[in-house]
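model.cif (mmCIF, C-alpha atoms) appears below.
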```cif
data_target
#
loop_
_atom_site.label_atom_id
_atom_site.label_comp_id
_atom_site.auth_asym_id
_atom_site.auth_seq_id
_atom_site.Cartn_x
_atom_site.Cartn_y
_atom_site.Cartn_z
CA MET A 1 43.47 65.91 193.96
CA GLU A 2 43.81 63.10 191.44
CA THR A 3 46.46 62.33 188.87
CA SER A 4 45.38 60.72 185.60
CA VAL A 5 47.38 58.79 183.01
CA ALA A 6 46.71 58.73 179.25
CA GLU A 7 48.74 57.49 176.29
CA ILE A 8 49.14 60.37 173.80
CA ALA A 9 51.50 58.59 171.34
CA ASP A 10 52.95 55.07 171.15
CA ASP A 11 54.30 54.41 174.67
CA ILE A 12 54.35 58.11 175.55
CA TYR A 13 52.11 58.85 178.52
CA ARG A 14 50.68 62.10 179.85
CA ILE A 15 50.52 62.22 183.64
CA SER A 16 48.17 65.03 184.61
CA THR A 17 47.05 66.69 187.83
CA PHE A 18 44.25 69.24 187.66
CA ILE A 19 44.33 72.00 190.28
CA PRO A 20 41.12 74.06 190.12
CA GLU A 21 42.42 76.80 192.45
CA VAL A 22 45.05 77.86 189.91
CA ALA A 23 43.68 80.20 187.21
CA ALA A 24 40.20 79.88 188.72
CA PRO A 25 37.48 79.41 187.67
CA ALA A 26 38.86 77.44 184.72
CA GLY A 27 41.65 75.73 186.69
CA PHE A 28 45.03 74.53 185.46
CA THR A 29 46.68 71.21 184.67
CA PHE A 30 50.25 70.27 185.59
CA ASN A 31 51.44 67.57 183.21
CA GLN A 32 54.44 65.27 183.07
CA PHE A 33 55.32 62.94 180.19
CA LEU A 34 56.82 59.47 180.48
CA ILE A 35 58.46 57.69 177.55
CA ASP A 36 58.31 53.94 178.19
CA ALA A 37 61.48 52.45 176.69
CA GLU A 38 64.44 50.33 177.76
CA GLU A 39 65.66 53.48 179.47
CA PRO A 40 62.44 55.20 180.61
CA LEU A 41 62.50 58.99 180.47
CA LEU A 42 60.37 61.44 182.48
CA PHE A 43 59.88 64.98 181.14
CA HIS A 44 58.90 67.29 184.04
CA THR A 45 58.68 66.10 187.64
CA GLY A 46 55.99 68.37 189.06
CA MET A 47 56.35 70.27 192.31
CA ARG A 48 57.66 68.52 195.42
CA SER A 49 54.14 68.47 196.83
CA LEU A 50 52.97 66.45 193.82
CA PHE A 51 55.64 63.77 194.14
CA PRO A 52 53.44 61.19 195.95
CA THR A 53 50.68 61.24 193.34
CA VAL A 54 52.92 61.73 190.29
CA SER A 55 55.34 58.98 191.32
CA GLU A 56 52.42 56.62 191.93
CA ALA A 57 51.19 57.36 188.41
CA VAL A 58 54.66 56.75 186.94
CA GLY A 59 54.68 53.43 188.77
CA ARG A 60 51.53 52.36 186.95
CA ILE A 61 53.53 52.41 183.70
CA VAL A 62 57.07 51.39 184.72
CA PRO A 63 58.54 50.41 188.11
CA LEU A 64 59.68 53.67 189.64
CA GLU A 65 63.11 52.30 190.46
CA GLU A 66 63.70 51.57 186.75
CA LEU A 67 63.40 55.22 185.71
CA ARG A 68 66.60 56.12 183.83
CA TRP A 69 66.30 59.79 182.82
CA VAL A 70 64.77 62.77 184.62
CA THR A 71 64.38 65.74 182.27
CA PHE A 72 62.50 69.03 182.03
CA GLY A 73 62.35 72.24 180.03
CA HIS A 74 63.79 74.76 182.48
CA VAL A 75 64.39 75.28 186.17
CA GLU A 76 61.09 76.02 187.92
CA ALA A 77 59.23 74.25 190.69
CA ASP A 78 56.53 72.77 188.46
CA GLU A 79 59.17 71.52 186.02
CA CYS A 80 61.75 70.07 188.41
CA GLY A 81 60.66 70.61 192.01
CA ALA A 82 60.56 66.86 192.70
CA MET A 83 63.82 66.16 190.83
CA ASN A 84 65.76 64.94 193.85
CA GLN A 85 62.84 62.88 195.13
CA PHE A 86 62.82 61.00 191.82
CA LEU A 87 66.59 60.57 191.99
CA ALA A 88 66.24 59.06 195.46
CA ALA A 89 63.50 56.68 194.30
CA ALA A 90 65.35 55.59 191.13
CA PRO A 91 69.00 54.75 191.94
CA GLN A 92 70.06 54.55 188.26
CA ALA A 93 68.35 57.75 187.18
CA GLU A 94 70.26 60.76 185.89
CA VAL A 95 69.09 64.30 185.28
CA ALA A 96 69.69 65.30 181.65
CA HIS A 97 69.58 68.93 180.61
CA GLY A 98 71.34 71.42 178.37
CA LEU A 99 74.87 72.43 179.24
CA LEU A 100 73.82 75.94 180.27
CA GLY A 101 71.16 74.67 182.67
CA CYS A 102 73.71 72.36 184.26
CA LEU A 103 76.30 75.10 184.64
CA VAL A 104 74.02 77.78 186.09
CA SER A 105 71.75 75.63 188.29
CA LEU A 106 71.71 71.85 188.15
CA ASP A 107 75.34 71.08 188.96
CA ASP A 108 74.48 72.57 192.35
CA LEU A 109 70.79 71.68 192.75
CA ALA A 110 70.77 68.02 191.69
CA ASP A 111 71.76 65.41 194.26
CA ARG A 112 73.68 63.51 191.57
CA PRO A 113 75.76 65.05 188.78
CA PRO A 114 73.55 65.78 185.76
CA ARG A 115 74.23 64.78 182.16
CA ALA A 116 74.93 67.94 180.14
CA LEU A 117 73.61 67.83 176.58
CA ALA A 118 74.76 69.84 173.58
CA HIS A 119 72.24 71.42 171.22
CA GLU A 120 70.88 68.73 168.84
CA GLU A 121 72.45 65.93 170.91
CA THR A 122 70.32 62.79 171.18
CA LEU A 123 69.70 60.26 173.92
CA ASP A 124 69.13 56.71 172.71
CA LEU A 125 66.51 55.21 175.02
CA GLY A 126 66.61 51.80 173.33
CA GLY A 127 63.66 49.56 172.61
CA LYS A 128 63.39 46.15 170.98
CA GLN A 129 60.07 46.74 169.24
CA LEU A 130 60.18 50.53 168.87
CA ARG A 131 63.54 52.25 169.23
CA ARG A 132 63.43 55.61 170.95
CA ARG A 133 65.69 58.59 170.38
CA VAL A 134 65.08 62.00 171.93
CA ARG A 135 66.80 65.10 170.60
CA HIS A 136 67.71 67.99 172.90
CA LEU A 137 67.04 71.45 171.44
CA ASN A 138 68.05 74.68 173.16
CA THR A 139 65.33 77.37 173.13
CA PRO A 140 66.85 80.17 175.25
CA HIS A 141 64.23 82.53 176.75
CA VAL A 142 61.43 80.59 174.99
CA PRO A 143 59.02 80.62 176.52
CA HIS A 144 61.16 81.84 179.43
CA ASN A 145 64.43 81.26 181.29
CA TRP A 146 67.95 81.39 179.91
CA GLU A 147 68.37 77.60 180.04
CA ALA A 148 65.04 76.74 178.35
CA ARG A 149 64.95 73.72 176.06
CA VAL A 150 62.57 71.17 174.51
CA LEU A 151 62.89 67.50 173.58
CA TYR A 152 61.85 65.89 170.31
CA GLU A 153 61.06 62.17 170.27
CA GLU A 154 62.01 61.19 166.75
CA THR A 155 60.21 57.85 166.34
CA THR A 156 56.70 59.15 167.00
CA GLY A 157 57.33 62.77 166.01
CA THR A 158 56.40 64.02 169.49
CA LEU A 159 57.60 67.45 170.57
CA LEU A 160 57.82 67.68 174.35
CA CYS A 161 57.24 71.42 174.24
CA GLY A 162 56.93 72.38 177.90
CA ASP A 163 55.14 75.68 178.48
CA LEU A 164 54.52 76.37 174.79
CA PHE A 165 50.77 76.24 174.03
CA THR A 166 49.88 76.73 177.72
CA HIS A 167 46.14 77.15 178.22
CA VAL A 168 43.75 76.96 181.15
CA GLY A 169 41.04 74.43 181.93
CA ASN A 170 40.82 70.66 182.22
CA GLY A 171 40.31 69.47 178.67
CA PRO A 172 40.95 66.04 177.18
CA ALA A 173 44.40 64.46 177.42
CA ILE A 174 44.87 64.93 173.68
CA THR A 175 42.88 66.80 171.07
CA GLU A 176 42.89 67.52 167.36
CA SER A 177 41.20 70.87 167.96
CA ASP A 178 43.09 74.12 167.49
CA LEU A 179 44.91 75.23 170.66
CA VAL A 180 46.20 78.53 169.31
CA GLU A 181 43.43 80.91 170.44
CA ALA A 182 43.31 79.37 173.92
CA SER A 183 47.08 79.69 174.14
CA LEU A 184 47.02 83.33 173.06
CA ASP A 185 44.33 84.05 175.68
CA ALA A 186 46.51 82.43 178.34
CA GLU A 187 49.49 84.51 177.23
CA GLY A 188 47.39 87.60 177.66
CA MET A 189 46.68 86.49 181.23
CA PHE A 190 50.04 85.21 182.37
CA ARG A 191 52.59 87.07 180.22
CA GLN A 192 54.94 84.10 180.53
CA ILE A 193 56.95 84.58 177.32
CA SER A 194 60.23 86.42 177.83
CA CYS A 195 60.84 87.78 174.33
CA LEU A 196 58.28 88.02 171.53
CA THR A 197 60.83 88.00 168.71
CA ALA A 198 62.72 85.02 170.12
CA ALA A 199 59.48 83.11 170.72
CA ALA A 200 58.16 83.60 167.19
CA GLU A 201 61.46 82.71 165.53
CA THR A 202 61.99 79.68 167.75
CA MET A 203 58.49 78.33 167.07
CA ARG A 204 59.00 78.70 163.33
CA SER A 205 62.27 76.82 163.66
CA LEU A 206 60.60 74.03 165.66
CA ALA A 207 57.89 73.84 162.97
CA GLU A 208 60.55 72.53 160.58
CA LEU A 209 60.52 69.29 162.61
CA ALA A 210 56.91 68.76 161.46
CA PRO A 211 55.87 67.14 164.76
CA ARG A 212 52.74 64.99 164.77
CA THR A 213 52.10 65.35 168.51
CA LEU A 214 52.66 68.34 170.78
CA ALA A 215 53.03 67.30 174.43
CA VAL A 216 51.82 70.39 176.32
CA MET A 217 52.70 70.91 179.97
CA HIS A 218 49.62 72.95 180.90
CA GLY A 219 46.45 71.88 179.11
CA SER A 220 45.56 69.34 176.45
CA SER A 221 48.19 67.86 174.16
CA PHE A 222 47.65 68.15 170.41
CA HIS A 223 47.71 65.56 167.62
CA GLY A 224 47.79 66.71 164.03
CA ASP A 225 49.78 69.17 161.95
CA GLY A 226 52.25 70.38 164.56
CA ALA A 227 54.11 72.58 162.08
CA ALA A 228 50.94 74.49 161.21
CA ALA A 229 50.10 74.88 164.91
CA LEU A 230 53.57 76.23 165.77
CA ASN A 231 53.53 78.66 162.85
CA ALA A 232 50.01 79.80 163.71
CA LEU A 233 50.98 80.44 167.33
CA ALA A 234 54.02 82.45 166.20
CA ASP A 235 51.83 84.50 163.85
CA GLY A 236 49.17 84.96 166.52
CA LEU A 237 51.67 86.18 169.11
CA GLU A 238 52.99 88.78 166.70
CA ALA A 239 49.53 89.88 165.60
CA ARG A 240 48.11 90.21 169.11
CA PHE A 241 51.05 91.44 171.14
CA GLN A 242 53.27 93.57 168.90
CA PRO A 243 55.03 95.95 169.16
CA GLU A 244 57.74 94.32 171.24
CA ARG A 245 58.06 97.30 173.57
CA THR A 246 54.37 97.13 174.47
CA PHE A 247 54.56 93.34 174.83
CA ALA A 248 57.44 93.60 177.28
CA GLY A 249 55.49 96.02 179.45
CA ARG A 250 52.36 93.91 179.83
CA PRO A 251 51.90 92.70 183.44
CA SER A 252 50.95 89.16 184.43
CA VAL A 253 47.80 88.55 186.45
CA LEU A 254 50.14 86.76 188.87
CA ALA A 255 52.28 89.87 189.45
CA ASP A 256 50.08 91.16 192.29
CA GLY A 257 49.56 87.72 193.82
CA ASP A 258 46.30 87.07 191.97
CA SER A 259 45.82 83.43 190.94
CA ALA A 260 44.01 84.51 187.75
CA SER A 261 40.64 84.25 189.44
#
```
How does this structure look as structure tokens?
Amino acid sequence: METSVAEIADDIYRISTFIPEVAAPAGFTFNQFLIDAEEPLLFHTGMRSLFPTVSEAVGRIVPLEELRWVTFGHVEADECGAMNQFLAAAPQAEVAHGLLGCLVSLDDLADRPPRALAHEETLDLGGKQLRRRVRHLNTPHVPHNWEARVLYEETTGTLLCGDLFTHVGNGPAITESDLVEASLDAEGMFRQISCLTAAAETMRSLAELAPRTLAVMHGSSFHGDGAAALNALADGLEARFQPERTFAGRPSVLADGDSAS
């Protein structure tokens, strides 16, 4: 199992581990994103089992002990399983998450007190050449979990969108090709989205940011018209999976223990 590193926007790096056994035969990528700034920020940690290879990859970009922020979309093993291992390796690092996520989970789970962020609050990561500011945006139940959120890096227009646009396979680190159909196919497999109405409305709201890069947790990231991609995914979800009642009753291929083989 190897972990690769690729720059997907100015000083924003995709750290990716491909696991062919998940969603076989296509396989599945588990991606983290590192913003290299005066206060480096990691979005997603990966599972605890991935910490050795992911931390080594982070160390290729910035010294691990200089990591300042540990962040993620919601509380799941692939998003934050290695959270406390990163805190132990980086003495100045803090977990930053939405207030709700801190109250319901992270105040207890994190080895150091987390930084609770309000909706639309920004973190200034500094930078002499290129100043970095990331904006925290609550997206409850989108794609899933009460405490779900995304981050928007304002300087490069990069939306760290977590599980949105999830698709299978081991494609390029970043693409300008349409991800919508592949994402809809993956939704049909995994049934990961909690609420169709909330997902569509949230994606249309995020489209107003007009992101230039979509940093996708599972699959290739996207560079291009992020607003059009978000609106197209919202439209596609409604077209393929309505009515809501039927959508809510669709099972995931993982529900019976199948790994989508």
Determine, for each residue of range 67-136 of chain A having at least one atom at most 12 Å from an atom of range 16-38 of chain A, the closest pair of atoms and their separation in Å to one decimal, counting all atoms listed in the file; order by chain and ascending number, as CSV.
```
residue,atom,partner,partner_atom,distance
A:Leu67,CA,A:Asp36,CA,9.2
A:Arg68,CA,A:Glu38,CA,8.7
A:Trp69,CA,A:Ile35,CA,9.7
A:Val70,CA,A:Leu34,CA,9.6
A:Thr71,CA,A:Phe33,CA,9.7
A:Phe72,CA,A:Gln32,CA,9.0
A:Gly73,CA,A:Gln32,CA,11.0
A:Ala77,CA,A:Phe30,CA,11.1
A:Asp78,CA,A:Phe30,CA,7.3
A:Glu79,CA,A:Gln32,CA,8.4
A:Cys80,CA,A:Gln32,CA,10.2
A:Ala82,CA,A:Gln32,CA,11.5
A:Leu123,CA,A:Ala37,CA,11.7
A:Asp124,CA,A:Glu38,CA,9.4
A:Leu125,CA,A:Glu38,CA,6.0
A:Gly126,CA,A:Glu38,CA,5.1
A:Gly127,CA,A:Glu38,CA,5.3
A:Lys128,CA,A:Glu38,CA,8.0
A:Gln129,CA,A:Ala37,CA,9.5
A:Leu130,CA,A:Ala37,CA,8.2
A:Arg131,CA,A:Ala37,CA,7.7
A:Arg132,CA,A:Ala37,CA,6.8
A:Arg133,CA,A:Ala37,CA,9.8
A:Val134,CA,A:Ile35,CA,9.7
```
With C-alpha atoms retained, write the just-selected residues as a PDB file, keeping the file's coordinate frame.
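Once everything was written out, this is again.pdb:
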```pdb
ATOM      1  CA  LEU A  67      63.400  55.220 185.710  1.00  0.00           C
ATOM      2  CA  ARG A  68      66.600  56.120 183.830  1.00  0.00           C
ATOM      3  CA  TRP A  69      66.300  59.790 182.820  1.00  0.00           C
ATOM      4  CA  VAL A  70      64.770  62.770 184.620  1.00  0.00           C
ATOM      5  CA  THR A  71      64.380  65.740 182.270  1.00  0.00           C
ATOM      6  CA  PHE A  72      62.500  69.030 182.030  1.00  0.00           C
ATOM      7  CA  GLY A  73      62.350  72.240 180.030  1.00  0.00           C
ATOM      8  CA  ALA A  77      59.230  74.250 190.690  1.00  0.00           C
ATOM      9  CA  ASP A  78      56.530  72.770 188.460  1.00  0.00           C
ATOM     10  CA  GLU A  79      59.170  71.520 186.020  1.00  0.00           C
ATOM     11  CA  CYS A  80      61.750  70.070 188.410  1.00  0.00           C
ATOM     12  CA  ALA A  82      60.560  66.860 192.700  1.00  0.00           C
ATOM     13  CA  LEU A 123      69.700  60.260 173.920  1.00  0.00           C
ATOM     14  CA  ASP A 124      69.130  56.710 172.710  1.00  0.00           C
ATOM     15  CA  LEU A 125      66.510  55.210 175.020  1.00  0.00           C
ATOM     16  CA  GLY A 126      66.610  51.800 173.330  1.00  0.00           C
ATOM     17  CA  GLY A 127      63.660  49.560 172.610  1.00  0.00           C
ATOM     18  CA  LYS A 128      63.390  46.150 170.980  1.00  0.00           C
ATOM     19  CA  GLN A 129      60.070  46.740 169.240  1.00  0.00           C
ATOM     20  CA  LEU A 130      60.180  50.530 168.870  1.00  0.00           C
ATOM     21  CA  ARG A 131      63.540  52.250 169.230  1.00  0.00           C
ATOM     22  CA  ARG A 132      63.430  55.610 170.950  1.00  0.00           C
ATOM     23  CA  ARG A 133      65.690  58.590 170.380  1.00  0.00           C
ATOM     24  CA  VAL A 134      65.080  62.000 171.930  1.00  0.00           C
TER      25      VAL A 134
END
```
Exercise for review: Name the residues that the PyMOL selection byres ((chain A and resi 218) around 8) pulls out of this structure, and write them as a ChimeraX atom specification.
Suggested key: /A:28-31,162-163,165-168,216-217,219-220
Practice item. Using only C-alpha atoms, find the one residue out of A:Glu120, A:Glu154, A:Asp108, A:Glu201 that sits nearest to Thr213 in chain A. Key: A:Glu154
Check your understanding: So what do you get for CA of Glu147 in chain A versus CA of Val75 in chain A, distance-wise?
Key -> 7.7 Å
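Between Asp178 in chain A and the candidates A:Arg149, A:His97, A:His223, A:Arg115, the tightest atom-to-atom separation, counting only C-alpha atoms, involves A:His223.
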Under the rule of at most 10 Å, produce a per-residue listing of range 103-217 of chain A near range 43-66 of chain A: chain, number, name, the closest pair of atoms, and the distance in Å, as JSON lines, using all atoms listed in the file.
```
{"residue": "A:Val150", "atom": "CA", "partner": "A:Phe43", "partner_atom": "CA", "distance": 9.5}
{"residue": "A:Leu151", "atom": "CA", "partner": "A:Phe43", "partner_atom": "CA", "distance": 8.5}
{"residue": "A:Leu160", "atom": "CA", "partner": "A:Phe43", "partner_atom": "CA", "distance": 7.6}
{"residue": "A:Cys161", "atom": "CA", "partner": "A:Phe43", "partner_atom": "CA", "distance": 9.8}
{"residue": "A:Gly162", "atom": "CA", "partner": "A:His44", "partner_atom": "CA", "distance": 8.2}
{"residue": "A:Ala215", "atom": "CA", "partner": "A:Phe43", "partner_atom": "CA", "distance": 9.9}
{"residue": "A:Met217", "atom": "CA", "partner": "A:His44", "partner_atom": "CA", "distance": 8.3}
```
Please write the residues from the selection above to a file, keeping C-alpha atoms, as a compact mmCIF listing (two decimals), in the coordinates of the input.
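Okay, selection18.txt is ready:
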```
# COMPACT_ATOMS: atom_id res chain seq x y z
CA VAL A 150 62.57 71.17 174.51
CA LEU A 151 62.89 67.50 173.58
CA LEU A 160 57.82 67.68 174.35
CA CYS A 161 57.24 71.42 174.24
CA GLY A 162 56.93 72.38 177.90
CA ALA A 215 53.03 67.30 174.43
CA MET A 217 52.70 70.91 179.97
```
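When only C-alpha atoms are used to measure the gap to Cys195 in chain A, the shortest distance among A:Glu181, A:Glu153, A:Glu238, A:Glu76 belongs to A:Glu238.
CA of Ala173 in chain A lies 28.0 Å from CA of Leu196 in chain A.
Picture a line from CA of Leu237 in chain A to CA of Ala199 in chain A; it runs 8.5 Å.
Applied to the file shown here, the PyMOL selection byres ((chain A and resi 228) around 10) selects Arg204, Ala207, Glu208, Ala210, Pro211, Gly224, Asp225, Gly226, Ala227, Ala229, Leu230, Asn231, Ala232, Leu233 and Ala234 of chain A.
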Exercise for review: Mind listing whatever residues come within 6 Å of the point (42.8, 65.8, 172.8)? Use only C-alpha atoms, file coordinates, and give them as an MDAnalysis selection string.
Suggested key: chainID A and resid 172:176 220:222
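Between Thr158 in chain A and the residues A:Ile15, A:Val253, A:Leu206, A:Leu103, the shortest atom-to-atom distance, using only C-alpha atoms, involves A:Leu206.
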Review point. Hey, what's within 10 Å of Leu117 in chain A if we count all atoms listed in the file and toss same-chain stuff fewer than 4 positions away? As an MDAnalysis selection string, please?
Key: chainID A and resid 96:102 121:123 135:138
Might I get the box with edges along x, y and z of the file that holds all atoms of range 38-52 of chain A listed there, padded by 6 Å on every side, given as centre and edge lengths in Å to one decimal, as JSON?
```
{"center_x": 59.3, "center_y": 60.3, "center_z": 187.3, "size_x": 24.7, "size_y": 31.9, "size_z": 31.1}
```
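In this comparison, which uses only C-alpha atoms, the residue of A:Ala148, A:Val142, A:Ala89, A:Val5 approaching His119 in chain A most closely is A:Ala148.
Restricting the calculation to only C-alpha atoms, the smallest distance between Leu214 in chain A and any of A:Gln192, A:Gln92, A:Thr156, A:Asn170 is found for A:Thr156.
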Review point. Applied to the shown file, which residues does the PyMOL selection byres ((chain A and resi 190) around 7) return, written as a ChimeraX atom specification?
Key: /A:186-189,191-192,252-254
